[in-house]
Amino acid sequence: MAAYLLAEIDGHGRLVDLVWAAASPEAVTPDGRFGSQLIGMPVTRTAPDVAAEKRWAVYQRVMETGEPADLGAVRIGDGEFTVRARRLGPGLLVSWERLDRLHRFGGMERLGNLGWGEWDLTSGEIYWSSQLYRIYERDPALGPLGRDEADGIVVEDDRPLQAAAREAFERSERVDVITRVRIGGRIKHLRTVVDAVRDSGGRPLRICGIVQDVTEQQTNVERLAEVERTLAAEHELAARLQRIILPIPAEPIDLPGLRVAVRYLPAGQETLVGGDWYHAAALRDGSVLLAVGDVAGHGTHAATTMAQLRHALRALAVVTSDPGTLLEHLNRLTCELEAESPELSATAVVARFDPARGELVWAQAGHPPPLLSRGGHTAPLSRPPGPMLGVVDDARYSDAVLSFHTGDVLLLYTDGLVEHRRRSLDVGLDAVITSVDDAVRSAPEQPLAELLARLRRANPDDDTCILAARPR
């Protein structure tokens, strides 16, 4: 609470009384009067014993010298207060603060690592809280920092920011800025919030400020930013690698006796670059080799392993085109890679289409079953035996054979198409089967484009690679 008290001086220059000229609403006297009720009343009437107390002599000295005083702890009524007095014209500007409140505020200051200060432009008095001295690591006996001292510890690169803040303050704006200062050989990040009590012309009368040491928070922010930059660089590298080794054709491609369309749906989270891949190419004997695979995990490692498996399949297809044999070779390669990168695993499905015989031979390694649409009805194929790649050394993979003729549609896909954390696998598979049936029914002459248009919803948790094929 605060008050402005007019001084009554006798002929010998002694302070005989103080009269309440202005009071804050919360100002209260021992006799129960408060706020506007005090205006015009002598202090010796509201507090008869005050003239005999030590603080009266302090008030006298302030009036004589003009030097402000901090009386420390003073007992008033049933509480202890810290009292500050300064001369203002023909009277005193006096403020009281209960010590228990100050102690609570001091606790909050320490908890929030902040301190506060006040600069009375009328009297020139500057006050710093004890926590503000701690933040600046300054001996209270030296008093608050002067402007030149404060400017001298600001990091050079932050001086324009400091100047902009001062210009904003001169425009009567509230200032909230974080700058770096050099204290005790260390860099601190200090957040400063400054506002002012101004007269009717906008000139500041009293400046109030709060300073918070946010060094730890800023350090954590900078560390997080560095991690994000690292992750972004890794993501960009993996994405670039994926685009290079897994180009996705924009339109369906024609192969011997077969039309193939491919779609790649990246995970909903941009930071997830997966190991999903496909292969579709004609072989020298006139048949067509199709494959879809999925390397567990995300990031550069998954993308690199995906490239190794995809290129290995293409190279091995020169030696053999049998799907089961190809998967056996890929399994041995994955087991060797797993020795270098523990817990590496992958799945794949490989199929060879012979257009002359209208026959599809296929094998799988722990992969979701292909879907076959025939006669307006879609169903998953029965999977021949075959474990995941990289799990069992010298694993064997059996082939399955089926006819594949005009009007049929085959869908190879990775698990991201049917697996979702918010629904069961059966629900996901049923939804895809419904989409295939609807696409074939809606566009029997061009079912591939219609099918991929319907299967365009990305899984937020996993990449998805889809390969659709039909005989032509």
# chains A, B, ... in the order shown; residues from 1 in each chain; ligands from 1
call {"tool": "residues_around", "arguments": {"residues": "Leu327 (chain A)", "least_positions_apart": "4", "cutoff": "9 Å", "atoms": "only C-alpha atoms", "output": "PyMOL selection string"}}
result
chain A and resi 313+322-323+331-332+348-350+363-365+386+389+396-397
call {"tool": "residues_around", "arguments": {"residues": "Leu410 (chain A)", "least_positions_apart": "6", "cutoff": "7 Å", "atoms": "only C-alpha atoms", "output": "VMD selection string"}}
result
chain A and resid 370 to 373 468 to 470
call {"tool": "select_by_dssp", "arguments": {"residues": "region 180-395 of chain A", "states": "strand (DSSP E or B)", "output": "number ranges by chain"}}
result
A: 180-183, 186-198, 204-213, 253-255, 258-265, 274-282, 288-298, 346-354, 359-365, 371-374, 377-380, 389
call {"tool": "closest_residue", "arguments": {"among": "A:His311, A:Arg422, A:Arg352, A:His279", "to": "Gly324 (chain A)", "atoms": "only C-alpha atoms"}}
result
A:Arg352
call {"tool": "closest_residue", "arguments": {"among": "A:Ala303, A:Val432, A:Leu190, A:Leu283", "to": "Leu412 (chain A)", "atoms": "only C-alpha atoms"}}
result
A:Val432
call {"tool": "closest_residue", "arguments": {"among": "A:His189, A:Arg206, A:Arg33, A:Arg263", "to": "Cys465 (chain A)", "atoms": "only C-alpha atoms"}}
result
A:Arg263
call {"tool": "residues_around", "arguments": {"residues": "Leu18 (chain A)", "least_positions_apart": "6", "cutoff": "12 Å", "atoms": "only C-alpha atoms", "output": "NGL selection string"}}
result
:A and (3-10 or 38-48 or 50-51 or 56 or 59-60 or 63 or 90-94)
call {"tool": "closest_residue", "arguments": {"among": "A:Ala141, A:Val288, A:Leu417, A:Ile433", "to": "Asp462 (chain A)", "atoms": "only C-alpha atoms"}}
result
A:Leu417
call {"tool": "closest_residue", "arguments": {"among": "A:Phe404, A:Trp96, A:Tyr278, A:Phe353", "to": "Arg75 (chain A)", "atoms": "only C-alpha atoms"}}
result
A:Trp96
call {"tool": "residues_around", "arguments": {"residues": "Ala351 (chain A)", "least_positions_apart": "6", "cutoff": "8 Å", "atoms": "only C-alpha atoms", "output": "compact mmCIF listing (two decimals) with all heavy atoms, in the first residue's frame"}}
result
# COMPACT_ATOMS: atom_id res chain seq x y z
N LEU A 289 8.26 -60.23 -63.61
CA LEU A 289 8.51 -60.43 -62.19
C LEU A 289 7.92 -59.25 -61.41
O LEU A 289 8.20 -58.09 -61.70
CB LEU A 289 10.01 -60.52 -61.91
CG LEU A 289 10.40 -60.95 -60.48
CD1 LEU A 289 9.95 -62.38 -60.22
CD2 LEU A 289 11.91 -60.79 -60.27
N LEU A 290 7.09 -59.59 -60.42
CA LEU A 290 6.46 -58.58 -59.56
C LEU A 290 6.88 -58.84 -58.11
O LEU A 290 7.03 -60.00 -57.71
CB LEU A 290 4.94 -58.65 -59.65
CG LEU A 290 4.31 -58.53 -61.04
CD1 LEU A 290 2.80 -58.76 -60.94
CD2 LEU A 290 4.61 -57.17 -61.65
N ALA A 291 7.03 -57.79 -57.36
CA ALA A 291 7.37 -57.97 -55.93
C ALA A 291 6.98 -56.73 -55.15
O ALA A 291 6.99 -55.61 -55.68
CB ALA A 291 8.86 -58.25 -55.76
N PRO A 323 10.04 -67.66 -57.70
CA PRO A 323 9.80 -66.80 -56.54
C PRO A 323 10.33 -67.38 -55.23
O PRO A 323 10.93 -66.65 -54.42
CB PRO A 323 8.28 -66.66 -56.52
CG PRO A 323 7.88 -66.81 -57.95
CD PRO A 323 8.80 -67.85 -58.50
N LEU A 360 0.30 -67.59 -62.82
CA LEU A 360 1.02 -66.80 -61.83
C LEU A 360 1.60 -67.74 -60.77
O LEU A 360 0.86 -68.50 -60.15
CB LEU A 360 0.08 -65.78 -61.17
CG LEU A 360 0.74 -64.73 -60.26
CD1 LEU A 360 1.39 -63.64 -61.12
CD2 LEU A 360 -0.27 -64.11 -59.31
N VAL A 361 2.92 -67.67 -60.60
CA VAL A 361 3.60 -68.43 -59.56
C VAL A 361 4.09 -67.43 -58.51
O VAL A 361 4.73 -66.44 -58.86
CB VAL A 361 4.78 -69.23 -60.13
CG1 VAL A 361 5.47 -70.03 -59.02
CG2 VAL A 361 4.33 -70.16 -61.25
N TRP A 362 3.78 -67.70 -57.28
CA TRP A 362 4.17 -66.73 -56.26
C TRP A 362 4.59 -67.39 -54.96
O TRP A 362 4.27 -68.55 -54.70
CB TRP A 362 3.03 -65.73 -56.01
CG TRP A 362 1.82 -66.31 -55.29
CD1 TRP A 362 0.87 -67.12 -55.83
CD2 TRP A 362 1.47 -66.10 -53.92
NE1 TRP A 362 -0.08 -67.44 -54.89
CE2 TRP A 362 0.26 -66.81 -53.71
CE3 TRP A 362 2.02 -65.38 -52.88
CZ2 TRP A 362 -0.37 -66.84 -52.47
CZ3 TRP A 362 1.39 -65.40 -51.64
CH2 TRP A 362 0.20 -66.12 -51.45
N ALA A 363 5.35 -66.63 -54.15
CA ALA A 363 5.80 -67.08 -52.83
C ALA A 363 5.84 -65.85 -51.92
O ALA A 363 5.90 -64.71 -52.39
CB ALA A 363 7.16 -67.74 -52.92
call {"tool": "atom_distance", "arguments": {"atom1": "CA of Ala280 (chain A)", "atom2": "CA of Val260 (chain A)"}}
result
7.8 Å
call {"tool": "decode", "arguments": {"residues": "region 294-308 of chain A", "atoms": "all heavy atoms", "output": "short mmCIF file (atom, residue, chain, number, x, y, z; two decimals), in the first residue's frame"}}
result
data_model
loop_
_atom_site.label_atom_id
_atom_site.label_comp_id
_atom_site.auth_asym_id
_atom_site.auth_seq_id
_atom_site.Cartn_x
_atom_site.Cartn_y
_atom_site.Cartn_z
N ASP A 294 8.77 -54.97 -47.45
CA ASP A 294 8.69 -54.01 -46.35
C ASP A 294 9.80 -54.32 -45.36
O ASP A 294 9.84 -55.40 -44.78
CB ASP A 294 7.32 -54.11 -45.68
CG ASP A 294 7.12 -53.03 -44.61
OD1 ASP A 294 8.01 -52.18 -44.45
OD2 ASP A 294 6.08 -53.06 -43.94
N VAL A 295 10.70 -53.37 -45.17
CA VAL A 295 11.76 -53.48 -44.16
C VAL A 295 11.25 -52.83 -42.88
O VAL A 295 10.73 -51.71 -42.91
CB VAL A 295 13.05 -52.79 -44.63
CG1 VAL A 295 14.12 -52.86 -43.54
CG2 VAL A 295 13.55 -53.44 -45.91
N ALA A 296 11.40 -53.52 -41.76
CA ALA A 296 10.92 -52.98 -40.49
C ALA A 296 11.68 -51.71 -40.13
O ALA A 296 12.88 -51.60 -40.34
CB ALA A 296 11.08 -54.03 -39.39
N GLY A 297 10.96 -50.74 -39.60
CA GLY A 297 11.58 -49.51 -39.14
C GLY A 297 11.41 -48.36 -40.11
O GLY A 297 10.77 -48.48 -41.16
N HIS A 298 12.02 -47.23 -39.75
CA HIS A 298 11.96 -46.02 -40.56
C HIS A 298 13.33 -45.36 -40.57
O HIS A 298 14.21 -45.71 -39.81
CB HIS A 298 10.92 -45.03 -40.02
CG HIS A 298 9.52 -45.53 -40.10
ND1 HIS A 298 8.95 -46.28 -39.09
CD2 HIS A 298 8.58 -45.43 -41.07
CE1 HIS A 298 7.70 -46.60 -39.43
NE2 HIS A 298 7.46 -46.09 -40.62
N GLY A 299 13.49 -44.39 -41.42
CA GLY A 299 14.71 -43.61 -41.46
C GLY A 299 15.70 -44.12 -42.48
O GLY A 299 15.42 -45.00 -43.31
N THR A 300 16.91 -43.56 -42.40
CA THR A 300 17.95 -43.85 -43.38
C THR A 300 18.28 -45.34 -43.41
O THR A 300 18.50 -45.92 -44.48
CB THR A 300 19.21 -43.04 -43.06
OG1 THR A 300 18.87 -41.66 -42.97
CG2 THR A 300 20.26 -43.22 -44.13
N HIS A 301 18.35 -45.97 -42.25
CA HIS A 301 18.72 -47.39 -42.20
C HIS A 301 17.71 -48.24 -42.94
O HIS A 301 18.06 -49.13 -43.72
CB HIS A 301 18.85 -47.85 -40.75
CG HIS A 301 19.29 -49.27 -40.61
ND1 HIS A 301 18.41 -50.30 -40.34
CD2 HIS A 301 20.52 -49.83 -40.72
CE1 HIS A 301 19.08 -51.44 -40.28
NE2 HIS A 301 20.36 -51.18 -40.50
N ALA A 302 16.42 -48.00 -42.71
CA ALA A 302 15.38 -48.77 -43.39
C ALA A 302 15.42 -48.53 -44.89
O ALA A 302 15.28 -49.46 -45.70
CB ALA A 302 14.00 -48.40 -42.84
N ALA A 303 15.62 -47.26 -45.29
CA ALA A 303 15.68 -46.94 -46.72
C ALA A 303 16.88 -47.60 -47.38
O ALA A 303 16.80 -48.09 -48.52
CB ALA A 303 15.71 -45.43 -46.91
N THR A 304 18.02 -47.63 -46.67
CA THR A 304 19.22 -48.27 -47.22
C THR A 304 19.03 -49.77 -47.38
O THR A 304 19.39 -50.35 -48.41
CB THR A 304 20.42 -47.99 -46.30
OG1 THR A 304 20.59 -46.58 -46.16
CG2 THR A 304 21.69 -48.59 -46.88
N THR A 305 18.46 -50.42 -46.38
CA THR A 305 18.22 -51.87 -46.46
C THR A 305 17.23 -52.18 -47.57
O THR A 305 17.37 -53.17 -48.31
CB THR A 305 17.69 -52.39 -45.11
OG1 THR A 305 18.61 -52.03 -44.08
CG2 THR A 305 17.53 -53.90 -45.15
N MET A 306 16.20 -51.34 -47.69
CA MET A 306 15.23 -51.52 -48.78
C MET A 306 15.93 -51.50 -50.13
O MET A 306 15.65 -52.32 -51.02
CB MET A 306 14.17 -50.42 -48.69
CG MET A 306 13.22 -50.36 -49.86
SD MET A 306 13.67 -49.10 -51.08
CE MET A 306 13.20 -47.61 -50.22
N ALA A 307 16.87 -50.57 -50.32
CA ALA A 307 17.60 -50.48 -51.59
C ALA A 307 18.42 -51.74 -51.84
O ALA A 307 18.47 -52.25 -52.97
CB ALA A 307 18.51 -49.25 -51.56
N GLN A 308 19.05 -52.26 -50.79
CA GLN A 308 19.86 -53.47 -50.95
C GLN A 308 19.00 -54.65 -51.38
O GLN A 308 19.39 -55.43 -52.27
CB GLN A 308 20.60 -53.77 -49.64
CG GLN A 308 21.67 -52.75 -49.30
CD GLN A 308 22.28 -52.99 -47.93
OE1 GLN A 308 21.57 -53.01 -46.92
NE2 GLN A 308 23.58 -53.17 -47.89
#
